[in-house]
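Data block below; observations after.
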Amino acid sequence: MKKITLLLVALFIATALFATGATETTEEETFDLIVVAGRNIWNPAGVDEIPWDTKGTFGPEDLLIEDFIAANPNVTIEFIQRDFTQGSMTVDALKASGRWPDLWSDAGAYFRDNMNSRDSIELERYMDVSVYQEDLIAPYTIDGHVYALPMANVSNGLVINLAMLDEIGYTLPAPEDWTTDEFLVLAEQLKQAGYPATMVMTQQGFISWMQVWLYAFGAELFAPNYTHMTVNTPEAIEAFEFLKLLVERGYAPAFPNEQTDDIGVELFSTGQVWSCMMQNQHSDYWVPEQVKRGVIDEAFEYTFIEFPHAPGHARTPTYGYQSVTNAHRTDNEARNVIVAKLTEIWNGPLHQQQHAVLVGSFPTLKGLEIPQYGQATANSYKALANLVPQIGLFDAGGISAKAREARDVWKIPLQRYMDGAITAQEMLDIVEVEANKILAQ
């Protein structure tokens with residue numbers, strides 16, 4: 001009888017031969033592998049029915065383990081349940097003891113130091129990586145080598161209050177006609193009804209929820225490989241002048257330097273602003289929560305759409321981030337083959353479907369059909385699941401530590417611009433110099 005011990009450990013077994021020319025594993029050869037990942041349950045809150053035979057297991061990771069055990073009798077795996085409250089400490093401790101995880105599934109930012117052929121398996125050598133959405137696998141591809149696979153995507157979009165549109169009698173145009181000019185037309189109608197159209201939030205600096213407006217006007221944050229920042233352009237000036245215009249005309253709440261993403265969620269979920277960038281988990285929790293707290297009388301209908309685009313530009317991409325799976329490389333090619341196969345299965349269609357149903361994450365595989373159970377049945381989930389593959393994601397810095405640090409230089413210049421102390425051009429000049437100093441290090 002197979003045995004899984006979940007303290008931090010589970011045993012499961014794996015073999016696979018799928019790379020042309022790979023060394024065949026003999027029956028006598030065994031490998032003791034380490035897997036570090038989160039562990040989900042089959043029936044979290046809000047999920048009453050699922051379409052899979054759980055075989056009495058606790059969650060999808062346990063089922064994957066049992067099935068892998070049945071198919072692969074010469075590999076043992078120590079499964080270490082990652083404590084997400086401890087950051088990377090679980091894996092740091094393993095590395096310090098000389099026990100590098102063979103498979104590690106976690107937030108993408110943790111892997112920035114592993115993106116090399118010394119530490120990570122070049123996964124494109126062992127599987128077809130073209131099945132992944134290009135925007136989602138690109139941050140983990142360096143010089144043509146794929147060093148990690150996106151397991152789940154956490155997507156954002158422009159959430160809008162449908163009840164307000166009904167109140168003013170406005171119908172959204174087709175995506176190709178959803179321009180920033182049309183947005184201003186709608187914003188004026190909303191203002192006349194007493195509603196700000198959206199949020200301009202700069203208290204925390206130039207956060208990802210605001211960076212999307214750069215891409216609406218055709219500007220971009222970084223050059224390829226984050227060699228330098230590319231925002232000192234006429235398109236970027238146009239984007240920032242548009243944001244200031246929204247505030248000046250009363251289309252966004254006053255005092256943007258006092259507005260945060262938390263305030264944006266609060267104002268949207270209480271029916272005080274028509275739209276805001278956020279995740280569907282934010283809206284799906286907070287709108288009904290505001291009813292429970294007595295802040296609003298009843299929940300209102302909402303959905304997610306793309307941000308408008310400036311006339312003459314393509315549809316605006318949105319923001320998202322991924323949890324990813326990294327496979328550790330060793331000098332033993334037979335071991336690499338097995339670890340790569342495990343990685344492929346761990347990130348495979350079944351596990352991604354289960355994550356969508358149980359926790360509401362979005363798949364990273366192209367064209368993957370999501371069973372209509374659990375979290376995947378929410379209208380907000382369906383809206384984003386349909387939208388993101390069409391418009392893609394913009395690059396907010398990926399897993400580059402320097403790029404993330406370079407974004408921090410925005411805060412003071414941006415706030416001074418919003419206060420009217422400097423022009424958009426002066427702000428971009430300052431940001432360009434300071435950010436590129438960091439990126440050049």
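Ordering of the structure tokens sets the chain letters (A, B, ...), residue numbers begin anew at 1 in every chain, and ligands are numbered from 1 in the order given.
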*asked:* Residues within 9 Å of segment 170-175 of chain A, please, as a PyMOL selection string. Count only C-alpha atoms; anything in the same chain fewer than 5 positions from it doesn't count.
replied: chain A and resi 164-165+182+186+189+306+308+315
*Enumerate as number ranges by chain all residues of segment 167-244 of chain A assigned to helix (DSSP H, G or I) by DSSP on the backbone, naming them with the chain letters and numbers the document uses.*
A: 167-168, 175-177, 180-192, 208-216, 224-226, 234-244
Would you save the residues from that selection as a CSV table (one decimal), in the first residue's frame, using C-alpha atoms?
```csv
chain,number,residue,atom,x,y,z
A,167,GLU,CA,-28.3,54.3,-14.5
A,168,ILE,CA,-26.8,56.7,-17.1
A,175,PRO,CA,-13.1,46.8,-27.9
A,176,GLU,CA,-11.6,48.4,-31.0
A,177,ASP,CA,-13.7,51.5,-30.3
A,180,THR,CA,-9.3,57.0,-24.2
A,181,ASP,CA,-11.4,59.6,-26.1
A,182,GLU,CA,-14.5,57.5,-25.5
A,183,PHE,CA,-13.5,57.0,-21.9
A,184,LEU,CA,-13.6,60.8,-21.5
A,185,VAL,CA,-17.1,60.9,-23.0
A,186,LEU,CA,-18.2,58.3,-20.5
A,187,ALA,CA,-16.4,60.0,-17.6
A,188,GLU,CA,-18.3,63.2,-18.2
A,189,GLN,CA,-21.6,61.3,-18.1
A,190,LEU,CA,-20.6,59.6,-14.9
A,191,LYS,CA,-19.5,62.9,-13.4
A,192,GLN,CA,-22.9,64.4,-14.1
A,208,SER,CA,1.4,48.4,-11.4
A,209,TRP,CA,-2.3,49.3,-11.2
A,210,MET,CA,-1.4,52.7,-12.7
A,211,GLN,CA,1.4,51.6,-15.0
A,212,VAL,CA,-1.2,50.2,-17.4
A,213,TRP,CA,-2.0,53.7,-18.6
A,214,LEU,CA,1.5,54.0,-20.1
A,215,TYR,CA,0.7,51.0,-22.3
A,216,ALA,CA,-2.7,52.5,-23.2
A,224,PRO,CA,14.4,44.1,-23.5
A,225,ASN,CA,16.4,42.5,-20.6
A,226,TYR,CA,15.8,45.6,-18.5
A,234,PRO,CA,6.1,61.6,-26.2
A,235,GLU,CA,3.7,58.7,-25.6
A,236,ALA,CA,4.6,58.6,-21.9
A,237,ILE,CA,4.1,62.3,-21.6
A,238,GLU,CA,0.6,61.9,-23.2
A,239,ALA,CA,-0.2,59.2,-20.7
A,240,PHE,CA,0.7,61.2,-17.6
A,241,GLU,CA,-1.0,64.3,-18.9
A,242,PHE,CA,-4.1,62.2,-19.4
A,243,LEU,CA,-4.0,61.0,-15.7
A,244,LYS,CA,-3.7,64.6,-14.5
```
*When you draw a straight line from atom CA of Lys366 of chain A to atom CA of Arg82 of chain A, how long is it in Å?*
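The value is 27.5 Å.
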Would you give me, as a tab-separated table, each residue of segment 316-363 of chain A having an atom within 9 Å of an atom of segment 385-391 of chain A, along with its shortest atom pair and that distance in Å to one decimal, using only C-alpha atoms and sorting by chain and residue number?
```
residue	atom	partner	partner_atom	distance
A:Thr316	CA	A:Ile391	CA	6.5
A:Pro317	CA	A:Ile391	CA	4.9
A:Thr318	CA	A:Ile391	CA	7.1
A:Phe362	CA	A:Ala385	CA	6.5
A:Pro363	CA	A:Ala385	CA	8.3
```
Just the selected residues (C-alpha atoms), exported as a PDB file, in the first residue's frame, please.
```pdb
ATOM      1  CA  THR A 316      -4.128  47.766 -23.886  1.00  0.00           C
ATOM      2  CA  PRO A 317      -2.480  44.811 -22.131  1.00  0.00           C
ATOM      3  CA  THR A 318      -3.110  44.264 -18.457  1.00  0.00           C
ATOM      4  CA  PHE A 362      -5.885  31.417 -14.363  1.00  0.00           C
ATOM      5  CA  PRO A 363      -4.242  28.776 -16.542  1.00  0.00           C
TER       6      PRO A 363
END
```
*Find the spatial neighbours of Asp297 of chain A, counting only C-alpha atoms, within a cut-off of 12 Å - ignore same-chain residues fewer than 6 positions away - and output them as a ChimeraX atom specification.*
/A:269-271,287-291
*Would you please give, as a PyMOL selection string, all residues of segment 124-344 of chain A that DSSP assigns to strand (DSSP E) based on the backbone?*
chain A and resi 141-142+145-146+148-161+275-279+302-305+320-327
_Restricting the calculation to only C-alpha atoms: of A:Trp346, A:Phe31, A:Trp52, A:Tyr417, which residue gets closest to Leu103 of chain A?_
A:Trp346
*Figure out the distance between atom CA of Asn336 of chain A and atom CA of Ala71 of chain A, please, to one decimal in Å.*
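Those two atoms sit 17.8 Å apart.
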*Using only C-alpha atoms, which of the listed residues (A:Tyr140, A:Phe206, A:Tyr321, A:Trp286) sits closest to Leu221 of chain A?*
A:Phe206
*Closest to Asp143 of chain A among A:Asn116, A:Gln353, A:Thr233, A:Gln204, using only C-alpha atoms?*
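Answer, going by the shortest atom-to-atom distance: A:Asn116.
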*Within 12 Å of Met115 of chain A, counting only C-alpha atoms, which residues qualify if same-chain residues fewer than 5 places away don't, as a list in words?*
Gly108, Ala109, Tyr110, Ser120, Ile121, Glu122, Leu123, Pro139, Tyr140, Thr141, Ile142, Asp143, Gly144, His145, Val146, Tyr147, Ala148, Leu149, Thr325, Asn326, Ala327, His328, Arg329, Ile399 and Ser400 of chain A
Save the residues we just selected, C-alpha atoms, as a short mmCIF file (atom, residue, chain, number, x, y, z; two decimals), in the first residue's frame?
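Everything below was put into selection-v1.cif:
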```cif
data_model
loop_
_atom_site.label_atom_id
_atom_site.label_comp_id
_atom_site.auth_asym_id
_atom_site.auth_seq_id
_atom_site.Cartn_x
_atom_site.Cartn_y
_atom_site.Cartn_z
CA GLY A 108 8.09 33.93 -9.65
CA ALA A 109 10.25 36.56 -7.94
CA TYR A 110 11.98 33.92 -5.81
CA SER A 120 18.17 25.07 -13.57
CA ILE A 121 17.19 22.56 -16.22
CA GLU A 122 16.76 24.02 -19.70
CA LEU A 123 13.21 22.81 -19.95
CA PRO A 139 9.89 36.33 -18.04
CA TYR A 140 11.42 32.92 -17.36
CA THR A 141 13.11 32.58 -20.75
CA ILE A 142 16.69 33.87 -21.01
CA ASP A 143 18.76 33.63 -24.18
CA GLY A 144 16.28 31.13 -25.57
CA HIS A 145 16.37 28.83 -22.54
CA VAL A 146 13.28 28.24 -20.41
CA TYR A 147 14.33 27.92 -16.77
CA ALA A 148 10.88 27.85 -15.15
CA LEU A 149 7.30 27.20 -16.19
CA THR A 325 7.78 25.83 -11.16
CA ASN A 326 11.54 25.54 -11.36
CA ALA A 327 13.49 22.30 -11.95
CA HIS A 328 16.98 21.99 -10.46
CA ARG A 329 19.73 20.77 -12.75
CA ILE A 399 11.64 38.86 -11.79
CA SER A 400 14.48 41.32 -12.25
#
```
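Atom to atom, atom CA of Asn161 of chain A and atom CA of Gly360 of chain A stand 21.2 Å apart.
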*A:Val200, A:Val36, A:Leu368, A:Ala223: which is nearest Pro101 of chain A, counting only C-alpha atoms?*
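Ranking A:Val200, A:Val36, A:Leu368, A:Ala223 by distance to Pro101 of chain A, first place goes to A:Val36.
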_Set the distance at 8 Å and use only C-alpha atoms: which residues neighbour Tyr319 of chain A once local chain neighbours fewer than 6 positions away are removed? I'd like the list as a PyMOL selection string._
chain A and resi 155-157+208-209+212+393-396
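Here the question is which of A:Asp32, A:Glu301, A:Glu258, A:Asp429 gets nearest to Asn232 of chain A using only C-alpha atoms, and that residue is A:Asp429.
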_Nearby residues (only C-alpha atoms) at most 9 Å from Val324 of chain A, same-chain spacing under 3 positions excluded, as a PyMOL selection string_ = chain A and resi 104-108+111+140+148-153+347
I need the residues from that last selection saved to file as a PDB file, in the first residue's frame (with C-alpha atoms), if you can.
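Okay, out38.pdb is ready:
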```pdb
ATOM      1  CA  TRP A 104      10.209  24.117  -6.456  1.00  0.00           C
ATOM      2  CA  SER A 105       6.849  25.769  -7.131  1.00  0.00           C
ATOM      3  CA  ASP A 106       6.448  29.285  -5.758  1.00  0.00           C
ATOM      4  CA  ALA A 107       6.083  32.986  -6.583  1.00  0.00           C
ATOM      5  CA  GLY A 108       8.094  33.930  -9.645  1.00  0.00           C
ATOM      6  CA  PHE A 111      13.672  32.379  -8.836  1.00  0.00           C
ATOM      7  CA  TYR A 140      11.417  32.919 -17.361  1.00  0.00           C
ATOM      8  CA  ALA A 148      10.882  27.852 -15.151  1.00  0.00           C
ATOM      9  CA  LEU A 149       7.296  27.201 -16.185  1.00  0.00           C
ATOM     10  CA  PRO A 150       4.381  29.436 -15.160  1.00  0.00           C
ATOM     11  CA  MET A 151       1.980  27.297 -13.145  1.00  0.00           C
ATOM     12  CA  ALA A 152      -0.800  29.792 -12.444  1.00  0.00           C
ATOM     13  CA  ASN A 153      -1.469  33.352 -13.494  1.00  0.00           C
ATOM     14  CA  ASN A 347       2.351  22.096 -14.413  1.00  0.00           C
TER      15      ASN A 347
END
```
